[in-house]
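Source file entry08.csv; content: CSV, C-alpha atoms and all ligand atoms.
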```csv
chain,number,residue,atom,x,y,z
A,1,MET,CA,0.0,0.0,0.0
A,2,ALA,CA,1.2,3.5,-0.8
A,3,GLU,CA,0.6,6.1,1.9
A,4,VAL,CA,1.0,9.9,1.6
A,5,ARG,CA,1.0,12.0,4.7
A,6,VAL,CA,-0.4,15.5,4.4
A,7,ASN,CA,1.3,17.6,7.1
A,8,LEU,CA,-0.9,20.4,8.4
A,9,ALA,CA,-0.1,21.3,12.0
A,10,ASN,CA,-3.1,20.0,14.1
A,11,HIS,CA,-5.1,18.6,11.2
A,12,SER,CA,-2.7,16.3,9.4
A,13,TYR,CA,-4.0,13.2,7.7
A,14,THR,CA,-3.0,10.2,5.7
A,15,ILE,CA,-4.0,9.2,2.1
A,16,HIS,CA,-4.1,5.4,1.6
A,17,ILE,CA,-3.7,4.2,-2.0
A,18,MET,CA,-4.1,0.5,-2.8
A,19,ALA,CA,-6.0,-1.7,-5.3
A,20,GLY,CA,-9.1,-3.0,-3.7
A,21,ILE,CA,-8.8,-0.9,-0.6
A,22,ILE,CA,-12.4,0.3,-0.8
A,23,SER,CA,-13.5,-2.8,1.0
A,24,GLN,CA,-11.2,-1.9,3.9
A,25,VAL,CA,-12.4,1.6,4.7
A,26,GLY,CA,-14.3,0.5,7.8
A,27,GLN,CA,-11.1,-1.1,9.1
A,28,LEU,CA,-9.1,2.1,8.6
A,29,MET,CA,-11.8,4.0,10.5
A,30,LYS,CA,-11.8,1.7,13.4
A,31,ASP,CA,-9.0,3.4,15.4
A,32,MET,CA,-10.4,6.9,14.9
A,33,PRO,CA,-12.5,8.5,17.6
A,34,LEU,CA,-15.8,8.3,15.7
A,35,SER,CA,-19.4,7.7,16.6
A,36,ARG,CA,-21.1,4.6,15.0
A,37,LYS,CA,-23.6,6.4,12.8
A,38,ALA,CA,-22.0,7.3,9.5
A,39,LEU,CA,-23.4,9.2,6.5
A,40,ILE,CA,-22.1,8.1,3.1
A,41,VAL,CA,-22.9,10.7,0.4
A,42,THR,CA,-22.7,9.6,-3.2
A,43,ASP,CA,-24.3,10.1,-6.7
A,44,GLU,CA,-26.7,8.0,-8.8
A,45,ASN,CA,-23.9,6.7,-11.1
A,46,VAL,CA,-21.5,5.7,-8.3
A,47,ALA,CA,-24.1,4.3,-5.8
A,48,PRO,CA,-24.9,1.1,-7.7
A,49,LEU,CA,-21.3,0.5,-8.4
A,50,TYR,CA,-19.5,1.1,-5.0
A,51,SER,CA,-21.9,2.1,-2.2
A,52,GLY,CA,-22.6,-1.5,-1.3
A,53,VAL,CA,-19.0,-2.6,-0.8
A,54,LEU,CA,-18.3,0.6,1.1
A,55,ALA,CA,-21.3,0.3,3.4
A,56,ASP,CA,-20.6,-3.4,4.0
A,57,SER,CA,-17.0,-2.6,5.0
A,58,LEU,CA,-18.3,0.0,7.5
A,59,ALA,CA,-20.9,-2.3,8.9
A,60,ALA,CA,-18.3,-5.1,9.3
A,61,ALA,CA,-16.2,-2.6,11.4
A,62,GLY,CA,-19.2,-1.9,13.7
A,63,PHE,CA,-20.5,1.3,12.1
A,64,LEU,CA,-24.1,2.0,11.2
A,65,PRO,CA,-23.9,3.5,7.7
A,66,PHE,CA,-26.7,5.3,5.8
A,67,VAL,CA,-26.2,6.0,2.0
A,68,LEU,CA,-27.6,9.2,0.7
A,69,VAL,CA,-27.7,9.4,-3.1
A,70,VAL,CA,-27.9,12.7,-5.0
A,71,PRO,CA,-28.2,13.3,-8.8
A,72,PRO,CA,-24.8,13.3,-10.6
A,73,GLY,CA,-23.2,16.4,-12.0
A,74,GLU,CA,-22.2,19.9,-11.2
A,75,SER,CA,-25.8,21.0,-10.4
A,76,SER,CA,-25.6,18.9,-7.2
A,77,LYS,CA,-22.9,21.3,-5.9
A,78,SER,CA,-25.6,23.6,-4.6
A,79,LEU,CA,-27.0,24.9,-1.4
A,80,ALA,CA,-30.3,23.1,-2.2
A,81,THR,CA,-28.5,19.7,-2.3
A,82,ALA,CA,-26.4,20.6,0.7
A,83,ASP,CA,-29.7,21.3,2.5
A,84,LYS,CA,-30.8,17.7,1.7
A,85,VAL,CA,-27.6,16.4,3.2
A,86,PHE,CA,-28.1,18.6,6.3
A,87,THR,CA,-31.6,17.3,6.7
A,88,GLN,CA,-30.5,13.7,6.5
A,89,ALA,CA,-27.7,14.3,9.0
A,90,ILE,CA,-30.1,16.0,11.5
A,91,SER,CA,-32.9,13.5,11.1
A,92,MET,CA,-30.6,10.5,11.6
A,93,GLY,CA,-29.1,12.1,14.6
A,94,LEU,CA,-25.5,12.5,13.6
A,95,ASP,CA,-23.4,14.0,16.4
A,96,ARG,CA,-20.1,15.8,16.5
A,97,LYS,CA,-18.1,12.6,16.1
A,98,SER,CA,-20.2,11.1,13.3
A,99,PRO,CA,-18.3,10.8,10.1
A,100,ILE,CA,-19.5,12.1,6.7
A,101,ILE,CA,-18.0,10.1,3.9
A,102,ALA,CA,-17.8,11.4,0.3
A,103,LEU,CA,-18.0,8.5,-2.2
A,104,GLY,CA,-17.7,10.0,-5.7
A,105,GLY,CA,-16.0,12.5,-7.8
A,106,GLY,CA,-15.1,16.1,-7.1
A,107,VAL,CA,-18.8,17.2,-7.0
A,108,ILE,CA,-19.6,14.8,-4.2
A,109,GLY,CA,-16.3,15.6,-2.4
A,110,ASP,CA,-16.8,19.4,-2.5
A,111,LEU,CA,-20.5,19.1,-1.5
A,112,SER,CA,-20.0,16.6,1.4
A,113,GLY,CA,-16.9,18.5,2.6
A,114,PHE,CA,-18.9,21.7,2.7
A,115,VAL,CA,-21.6,20.0,4.8
A,116,ALA,CA,-19.0,18.3,7.0
A,117,ALA,CA,-17.3,21.7,7.6
A,118,THR,CA,-20.5,23.4,8.7
A,119,TYR,CA,-22.9,20.8,10.2
A,120,LEU,CA,-22.5,21.2,14.0
A,121,ARG,CA,-19.6,23.6,13.1
A,122,GLY,CA,-17.6,20.6,11.8
A,123,VAL,CA,-17.8,16.8,11.9
A,124,PRO,CA,-15.2,14.2,10.8
A,125,PHE,CA,-14.9,14.1,7.0
A,126,ILE,CA,-13.6,11.1,5.0
A,127,GLN,CA,-12.9,11.1,1.3
A,128,VAL,CA,-13.3,8.0,-0.9
A,129,PRO,CA,-12.7,9.6,-4.3
A,130,THR,CA,-13.8,7.7,-7.4
A,131,THR,CA,-12.7,9.8,-10.4
A,132,LEU,CA,-9.1,10.3,-11.3
A,133,LEU,CA,-9.6,14.1,-10.9
A,134,ALA,CA,-10.8,13.6,-7.4
A,135,GLN,CA,-8.0,11.1,-6.6
A,136,VAL,CA,-5.2,13.4,-7.7
A,137,ASP,CA,-6.7,16.8,-7.0
A,138,SER,CA,-10.0,17.6,-5.3
A,139,SER,CA,-9.8,15.1,-2.5
A,140,VAL,CA,-6.4,16.5,-1.3
A,141,GLY,CA,-6.0,20.0,0.1
A,142,GLY,CA,-9.1,20.8,1.9
A,143,LYS,CA,-11.0,23.1,-0.4
A,144,THR,CA,-14.7,22.5,-0.1
A,145,ALA,CA,-17.5,24.5,-1.7
A,146,VAL,CA,-20.9,24.7,-3.4
A,147,ASN,CA,-21.8,26.9,-6.3
A,148,HIS,CA,-24.1,30.0,-6.4
A,149,PRO,CA,-26.2,30.8,-9.4
A,150,LEU,CA,-23.9,33.8,-9.8
A,151,GLY,CA,-20.6,31.8,-9.8
A,152,LYS,CA,-18.8,28.6,-9.1
A,153,ASN,CA,-17.3,27.6,-5.7
A,154,LEU,CA,-18.4,30.9,-4.1
A,155,ILE,CA,-19.6,29.4,-0.9
A,156,GLY,CA,-17.3,27.2,1.0
A,157,ALA,CA,-14.6,26.6,3.5
A,158,PHE,CA,-11.1,25.2,3.9
A,159,TYR,CA,-11.8,22.0,5.7
A,160,GLN,CA,-9.4,19.0,5.8
A,161,PRO,CA,-10.5,15.4,5.7
A,162,GLN,CA,-9.3,13.1,8.5
A,163,LEU,CA,-8.8,10.2,6.1
A,164,VAL,CA,-8.5,9.8,2.3
A,165,VAL,CA,-8.9,6.3,0.8
A,166,ILE,CA,-8.0,5.8,-2.9
A,167,ASP,CA,-8.8,2.6,-4.8
A,168,PRO,CA,-7.4,2.8,-8.4
A,169,LEU,CA,-9.6,-0.2,-9.4
A,170,VAL,CA,-12.8,2.0,-9.2
A,171,LEU,CA,-11.4,3.9,-12.2
A,172,ASP,CA,-12.2,0.8,-14.4
A,173,THR,CA,-15.8,2.0,-14.7
A,174,LEU,CA,-15.0,5.7,-15.3
A,175,PRO,CA,-16.0,7.0,-18.7
A,176,GLU,CA,-12.9,7.6,-21.0
A,177,ARG,CA,-13.5,11.3,-21.2
A,178,GLU,CA,-13.5,11.7,-17.4
A,179,LEU,CA,-10.3,9.7,-17.1
A,180,LYS,CA,-8.6,12.0,-19.6
A,181,ALA,CA,-9.9,15.1,-17.7
A,182,GLY,CA,-8.1,13.8,-14.7
A,183,LEU,CA,-4.9,13.2,-16.7
A,184,ALA,CA,-4.8,16.9,-17.6
A,185,GLU,CA,-4.2,17.7,-13.9
A,186,VAL,CA,-1.7,14.8,-13.8
A,187,VAL,CA,0.3,16.4,-16.6
A,188,LYS,CA,0.1,19.7,-14.7
A,189,TYR,CA,1.9,18.2,-11.6
A,190,GLY,CA,4.8,17.0,-13.8
A,191,VAL,CA,5.2,20.4,-15.3
A,192,ILE,CA,5.0,22.4,-12.1
A,193,ALA,CA,7.0,20.2,-9.8
A,194,ASP,CA,8.8,17.2,-11.1
A,195,TYR,CA,10.8,16.5,-14.3
A,196,ASP,CA,11.3,12.8,-13.5
A,197,PHE,CA,7.6,12.4,-13.0
A,198,PHE,CA,6.9,14.2,-16.3
A,199,ASP,CA,9.4,11.8,-18.0
A,200,TYR,CA,7.6,8.8,-16.3
A,201,LEU,CA,4.3,10.0,-17.8
A,202,ILE,CA,5.9,10.2,-21.3
A,203,ARG,CA,7.3,6.7,-21.0
A,204,HIS,CA,4.1,5.1,-19.5
A,205,GLN,CA,1.3,7.0,-21.2
A,206,GLU,CA,-0.1,3.9,-22.9
A,207,ASP,CA,-0.2,1.9,-19.6
A,208,ILE,CA,-1.9,4.8,-17.9
A,209,LEU,CA,-4.5,5.2,-20.6
A,210,ALA,CA,-5.0,1.4,-20.3
A,211,ARG,CA,-5.7,1.9,-16.6
A,212,ARG,CA,-3.0,-0.5,-15.4
A,213,PRO,CA,-3.2,-0.5,-11.6
A,214,ASP,CA,0.5,-0.4,-10.9
A,215,GLU,CA,1.0,2.7,-13.1
A,216,LEU,CA,-2.2,4.3,-11.8
A,217,ILE,CA,-0.9,3.8,-8.2
A,218,GLU,CA,2.4,5.4,-9.1
A,219,VAL,CA,0.7,8.3,-10.8
A,220,ILE,CA,-1.9,8.9,-8.0
A,221,SER,CA,0.8,8.7,-5.3
A,222,ARG,CA,3.1,11.1,-7.0
A,223,CYS,CA,0.4,13.6,-7.6
A,224,CYS,CA,-0.9,13.4,-4.0
A,225,GLN,CA,2.7,13.9,-2.8
A,226,ILE,CA,3.2,17.0,-4.9
A,227,LYS,CA,-0.2,18.5,-4.0
A,228,ALA,CA,0.3,17.6,-0.3
A,229,ALA,CA,3.8,19.3,-0.3
A,230,VAL,CA,2.4,22.5,-1.9
A,231,VAL,CA,-0.7,22.6,0.4
A,232,ALA,CA,1.5,21.9,3.5
A,233,GLN,CA,3.4,25.1,2.7
A,234,ASP,CA,0.5,27.2,1.8
A,235,GLU,CA,-2.8,25.8,3.0
A,236,ARG,CA,-4.9,28.9,2.1
A,237,GLU,CA,-3.5,29.8,-1.3
A,238,THR,CA,-1.7,33.0,-0.4
A,239,SER,CA,1.4,32.3,-2.5
A,240,LEU,CA,2.9,28.9,-3.5
A,241,ARG,CA,-0.5,27.2,-3.9
A,242,MET,CA,-1.1,29.4,-6.9
A,243,ILE,CA,1.3,27.2,-9.0
A,244,LEU,CA,-1.5,24.6,-8.9
A,245,ASN,CA,-3.3,26.9,-11.3
A,246,PHE,CA,-0.9,26.3,-14.1
A,247,GLY,CA,-3.0,26.1,-17.3
A,248,HIS,CA,-6.1,27.2,-15.4
A,249,THR,CA,-6.0,30.9,-16.3
A,250,ILE,CA,-6.6,30.3,-20.0
A,251,GLY,CA,-8.4,27.1,-19.1
A,252,HIS,CA,-11.1,28.9,-17.1
A,253,ALA,CA,-11.5,31.3,-20.0
A,254,VAL,CA,-12.0,28.5,-22.5
A,255,GLU,CA,-14.6,26.9,-20.1
A,256,GLY,CA,-16.4,30.2,-19.8
A,257,VAL,CA,-16.5,31.0,-23.5
A,258,GLY,CA,-17.7,27.4,-24.2
A,259,GLY,CA,-20.5,27.9,-21.7
A,260,TYR,CA,-19.1,25.2,-19.4
A,261,SER,CA,-20.3,22.6,-21.9
A,262,GLU,CA,-18.2,22.2,-25.0
A,263,TYR,CA,-14.9,21.4,-23.1
A,264,ASN,CA,-14.8,19.8,-19.7
A,265,HIS,CA,-12.5,21.2,-17.0
A,266,GLY,CA,-9.6,18.9,-17.9
A,267,GLU,CA,-9.8,19.5,-21.6
A,268,ALA,CA,-9.9,23.3,-21.0
A,269,VAL,CA,-6.9,23.0,-18.7
A,270,ALA,CA,-5.0,21.0,-21.4
A,271,ILE,CA,-5.6,23.9,-23.8
A,272,GLY,CA,-4.6,26.3,-21.1
A,273,MET,CA,-1.4,24.5,-20.3
A,274,HIS,CA,-0.6,24.5,-24.0
A,275,GLY,CA,-1.2,28.3,-24.0
A,276,ALA,CA,0.9,28.8,-20.8
A,277,ALA,CA,3.7,26.8,-22.4
A,278,LEU,CA,3.6,28.8,-25.6
A,279,LEU,CA,3.5,32.0,-23.6
A,280,SER,CA,6.5,30.9,-21.5
A,281,SER,CA,8.6,30.2,-24.5
A,282,SER,CA,7.5,33.3,-26.4
A,283,LEU,CA,8.7,35.3,-23.3
A,284,HIS,CA,12.0,33.4,-23.3
A,285,LEU,CA,11.2,32.1,-19.8
A,286,CYS,CA,11.7,28.5,-21.1
A,287,SER,CA,13.2,26.9,-24.1
A,288,THR,CA,11.0,25.9,-27.1
A,289,ALA,CA,12.1,22.3,-26.5
A,290,ALA,CA,10.5,22.5,-23.0
A,291,SER,CA,7.3,24.0,-24.3
A,292,ALA,CA,7.2,21.4,-27.1
A,293,ALA,CA,7.6,18.5,-24.6
A,294,VAL,CA,4.5,19.8,-22.7
A,295,LYS,CA,2.6,19.9,-26.0
A,296,GLN,CA,3.6,16.4,-26.9
A,297,LEU,CA,2.5,14.9,-23.5
A,298,ILE,CA,-0.9,16.7,-23.7
A,299,THR,CA,-1.4,15.1,-27.1
A,300,GLY,CA,-0.1,11.7,-25.9
A,301,MET,CA,-2.7,11.7,-23.1
A,302,GLY,CA,-5.5,12.2,-25.7
A,303,LEU,CA,-6.2,15.8,-24.7
A,304,PRO,CA,-6.9,18.8,-27.0
A,305,LEU,CA,-4.3,21.6,-27.6
A,306,THR,CA,-6.6,24.2,-29.1
A,307,ALA,CA,-10.1,25.6,-29.2
A,308,PRO,CA,-10.6,26.3,-32.9
A,309,GLY,CA,-13.1,29.1,-33.7
A,310,TYR,CA,-13.0,30.7,-30.2
A,311,GLY,CA,-12.8,34.5,-30.1
A,312,THR,CA,-9.6,36.0,-28.8
A,313,ASP,CA,-11.4,39.1,-27.5
A,314,GLU,CA,-13.9,37.0,-25.7
A,315,LEU,CA,-11.2,34.9,-24.1
A,316,LEU,CA,-9.4,38.1,-23.0
A,317,GLY,CA,-12.6,39.3,-21.4
A,318,TYR,CA,-12.8,36.1,-19.3
A,319,LEU,CA,-9.1,36.4,-18.4
A,320,ALA,CA,-9.7,39.8,-16.9
A,321,ARG,CA,-12.5,38.4,-14.8
A,322,ASP,CA,-10.7,35.4,-13.5
A,323,LYS,CA,-10.6,35.2,-9.7
A,324,LYS,CA,-6.9,34.8,-9.6
A,325,VAL,CA,-6.7,38.4,-10.7
A,326,VAL,CA,-5.5,40.6,-7.9
A,327,ASP,CA,-5.5,44.4,-8.5
A,328,SER,CA,-6.7,43.8,-12.0
A,329,LYS,CA,-3.4,42.0,-12.9
A,330,VAL,CA,-3.5,38.4,-14.0
A,331,ASN,CA,-1.1,36.1,-11.9
A,332,TRP,CA,0.4,34.0,-14.7
A,333,VAL,CA,1.9,30.7,-13.7
A,334,LEU,CA,4.6,30.2,-16.4
A,335,MET,CA,7.2,27.5,-17.1
A,336,GLN,CA,11.0,28.0,-16.6
A,337,ASP,CA,11.5,24.4,-17.5
A,338,VAL,CA,9.7,21.1,-17.3
A,339,GLY,CA,9.3,20.7,-13.5
A,340,ARG,CA,9.8,24.4,-12.6
A,341,VAL,CA,7.4,27.3,-12.8
A,342,THR,CA,7.3,30.9,-11.7
A,343,ILE,CA,4.4,33.3,-11.0
A,344,THR,CA,4.5,36.7,-12.8
A,345,GLN,CA,2.2,39.6,-13.6
A,346,ASP,CA,4.6,40.9,-16.1
A,347,VAL,CA,3.0,39.7,-19.3
A,348,SER,CA,1.9,42.1,-22.1
A,349,GLU,CA,-1.5,41.9,-23.7
A,350,GLU,CA,0.3,41.7,-27.0
A,351,HIS,CA,2.0,38.4,-26.0
A,352,VAL,CA,-1.3,37.0,-24.6
A,353,ARG,CA,-3.1,37.9,-27.8
A,354,ALA,CA,-0.5,36.2,-29.9
A,355,VAL,CA,-0.8,33.0,-27.9
A,356,LEU,CA,-4.6,33.1,-27.9
A,357,SER,CA,-4.7,33.5,-31.6
A,358,GLN,CA,-2.5,30.4,-32.0
A,359,LEU,CA,-4.9,28.5,-29.6
A,360,THR,CA,-8.0,29.5,-31.6
A,361,GLU,CA,-6.9,28.9,-35.2
A,401,LIG,P1,-17.9,14.5,-11.0
A,401,LIG,O1,-17.9,14.4,-9.5
A,401,LIG,O2,-19.1,15.2,-11.6
A,401,LIG,O3,-17.7,13.1,-11.7
A,401,LIG,C1,-17.7,12.9,-13.0
A,401,LIG,C2,-18.7,11.9,-13.5
A,401,LIG,O4,-18.2,10.6,-13.3
A,401,LIG,C3,-20.1,11.9,-12.8
A,401,LIG,O5,-21.1,11.7,-13.7
A,401,LIG,C4,-20.0,10.8,-11.8
A,401,LIG,O6,-21.2,10.2,-11.5
A,401,LIG,C5,-19.1,9.8,-12.5
A,401,LIG,N1,-18.3,8.9,-11.8
A,401,LIG,C6,-17.6,9.2,-10.7
A,401,LIG,N2,-16.9,8.1,-10.3
A,401,LIG,C7,-17.1,7.1,-11.2
A,401,LIG,C8,-16.7,5.8,-11.3
A,401,LIG,N3,-15.7,5.3,-10.6
A,401,LIG,N4,-17.2,5.0,-12.3
A,401,LIG,C9,-18.1,5.6,-13.2
A,401,LIG,N5,-18.6,6.8,-13.1
A,401,LIG,C10,-18.1,7.6,-12.1
A,401,LIG,O7,-16.6,15.3,-11.6
A,401,LIG,P2,-15.1,15.4,-11.2
A,401,LIG,O8,-14.4,15.7,-12.4
A,401,LIG,O9,-14.6,14.3,-10.3
A,401,LIG,O10,-15.1,16.7,-10.2
A,401,LIG,C11,-15.4,18.0,-10.7
A,401,LIG,C12,-15.6,18.9,-9.5
A,401,LIG,O11,-14.5,18.9,-8.7
A,401,LIG,C13,-15.9,20.3,-9.9
A,401,LIG,O12,-17.1,20.8,-9.2
A,401,LIG,C14,-14.7,21.1,-9.4
A,401,LIG,O13,-15.0,22.4,-9.1
A,401,LIG,C15,-14.3,20.3,-8.3
A,401,LIG,N6,-12.8,20.4,-8.0
A,401,LIG,C16,-12.5,20.7,-6.7
A,401,LIG,C17,-11.2,20.8,-6.3
A,401,LIG,C18,-10.8,21.1,-4.9
A,401,LIG,O14,-9.7,21.3,-4.5
A,401,LIG,N7,-11.8,20.9,-3.9
A,401,LIG,C19,-10.2,20.7,-7.2
A,401,LIG,C20,-10.5,20.4,-8.5
A,401,LIG,C21,-11.9,20.2,-8.9
A,402,MG,MG,-8.3,22.0,-12.0
```

Taking this structure as input, can you express it in the form of structure tokens?
Ligand code: NAD
Ligand code: MG
Amino acid sequence: MAEVRVNLANHSYTIHIMAGIISQVGQLMKDMPLSRKALIVTDENVAPLYSGVLADSLAAAGFLPFVLVVPPGESSKSLATADKVFTQAISMGLDRKSPIIALGGGVIGDLSGFVAATYLRGVPFIQVPTTLLAQVDSSVGGKTAVNHPLGKNLIGAFYQPQLVVIDPLVLDTLPERELKAGLAEVVKYGVIADYDFFDYLIRHQEDILARRPDELIEVISRCCQIKAAVVAQDERETSLRMILNFGHTIGHAVEGVGGYSEYNHGEAVAIGMHGAALLSSSLHLCSTAASAAVKQLITGMGLPLTAPGYGTDELLGYLARDKKVVDSKVNWVLMQDVGRVTITQDVSEEHVRAVLSQLTE
């Protein structure tokens, strides 16, 4: 079993990664100071696949699990759905030591984490992520949120889980497009932090796309280590944590212009990483070889490089509105090499325009 420790003063926790480990979650919870009643939150796609094995493992360890199923998709990251979870928690009598367990992708993780952070001012939270994106990104780091009709992730809290359990075998049932969306974030970790890992991804891209468990475990562990190290240094995104936004500045603009439907988050981030790589080399921050290597790996993972037909002006408009903008300047995360990035506001509109026009041809 691979274990990654997330070191955060008085709320550190361990991420357990192993094939088949979903049937051992109850066992892992046994030594924690928890009440017996437990609320598992999941969605309609994940429930028939994995809620039985998870609930059985809790019951075998002496817990009394209840499974609450919500509709799949981003629309469940809402105050209305959170209210349903609160109602369930109250009516089944969950107390301050009753665990709330997220079984699903980032939607379920963010929603359940928000409820766990606020129900009774905070109850134990456990993540059992079932998408690659959730396993390498959203289940680590403690950001929880629901959406507001006026914007995404506007209502939330930093709230760390007490335990994260990752079973790579659950990815077998994940739709191909969702797997690739997670791979965009995986590529990101290589670019921002680790040349050797980037090289591993180049060498093992076929095994990873074929969902071979050994390679998935290696990938998930390395990504969790990188995110854990960044989060441990900057839990609340005041500085270093911004490097996790590599590819996301242009990525968010692409998502926005596409009305959050044409490209999913991972695809938009892939296009954004290509843009950030081009911008980095055009500013001579990195070599053209480094930027070309990023482009090659994005393609290798079956992700898009461009958003043909998108309007440069419209994308620029979204960039200006991005929430990473402080004092109306965009904080660009740019490459110095594969494995090394820098944050700068010193990028002219002319350079950005040139890159956006390459991305939209
Ligand atoms: P998701 O939770 O919507 O899951 C994608 C789809 O896959 C859903 O239809 C789901 O039902 C299905 N699914 C999940 N696991 C499955 C499995 N094992 N087999 C078959 N189908 C399965 O989407 P996501 O991409 O996991 O997460 C996206 C969300 O995560 C967004 O709301 C985003 O804002 C959030 N997010 C949060 C953070 C953070 O730090 N908290 C980071 C990144 C993203
Ligand atoms: Mg992302």

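You can rank A:Val170, A:Val352, A:Ala276, A:Ala102 by their closest distance to Ile126 of chain A using only C-alpha atoms, and at the top of that list sits A:Ala102.
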
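Using all atoms listed in the file, the nearest neighbour of Gly52 of chain A within the list A:Thr306, A:Ser23, A:Ser76, A:Asn331 is A:Ser23.
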
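Here atom CA of Glu237 of chain A is placed at a distance of 24.8 Å from atom CA of Ser348 of chain A.
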
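Considering the residues A:Phe197, A:Phe63, A:Phe246, A:Phe114 and counting only C-alpha atoms and all ligand atoms, ligand MG 402 (chain A) has its shortest atom-to-atom contact with A:Phe246.
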
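Checking A:Ser357, A:Asn147, A:Thr299, A:Ser91 one by one against Gly311 of chain A, counting all atoms listed in the file, you find the shortest gap at A:Ser357.
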
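Taking only C-alpha atoms and all ligand atoms into account, the residues that come within 7 Å of ligand MG 402 (chain A) are Glu185, His248, His265, Gly266 and Val269 of chain A.
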
Using all atoms listed in the file, determine which residues lie at most 8 Å from segment 231-233 of chain A, disregarding the query and same-chain residues fewer than 5 positions distant; provide the list as an mmCIF file with C-alpha atoms, in the coordinates of the input.
```
data_model
loop_
_atom_site.group_PDB
_atom_site.id
_atom_site.type_symbol
_atom_site.label_atom_id
_atom_site.label_comp_id
_atom_site.auth_asym_id
_atom_site.auth_seq_id
_atom_site.Cartn_x
_atom_site.Cartn_y
_atom_site.Cartn_z
ATOM 1 C CA VAL A 6 -0.400 15.500 4.400
ATOM 2 C CA ASN A 7 1.300 17.600 7.100
ATOM 3 C CA LEU A 8 -0.900 20.400 8.400
ATOM 4 C CA GLY A 141 -6.000 20.000 0.100
ATOM 5 C CA LEU A 240 2.900 28.900 -3.500
ATOM 6 C CA ARG A 241 -0.500 27.200 -3.900
#
```

**Asked** Can I get the residues close to ligand LIG 401 (chain A) as a PyMOL selection string, where close means within 6 Å and we count all atoms listed in the file?
**Response** chain A and resi 43+45-46+72-74+104-108+110+130-131+133-134+137-138+143-144+170-171+173-174

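Closest approach to Arg340 of chain A among A:Thr360, A:Ser280, A:Gln296, A:Asn264: A:Ser280, based on only C-alpha atoms.
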
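Interatomic distance, atom CA of Gln162 of chain A against atom CA of Ser75 of chain A: 26.3 Å.
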
**Message:** Restricting the calculation to all atoms listed in the file: of A:Arg211, A:Asp346, A:Ile250, A:Tyr159, which residue gets closest to Pro175 of chain A?
**Reply:** A:Arg211
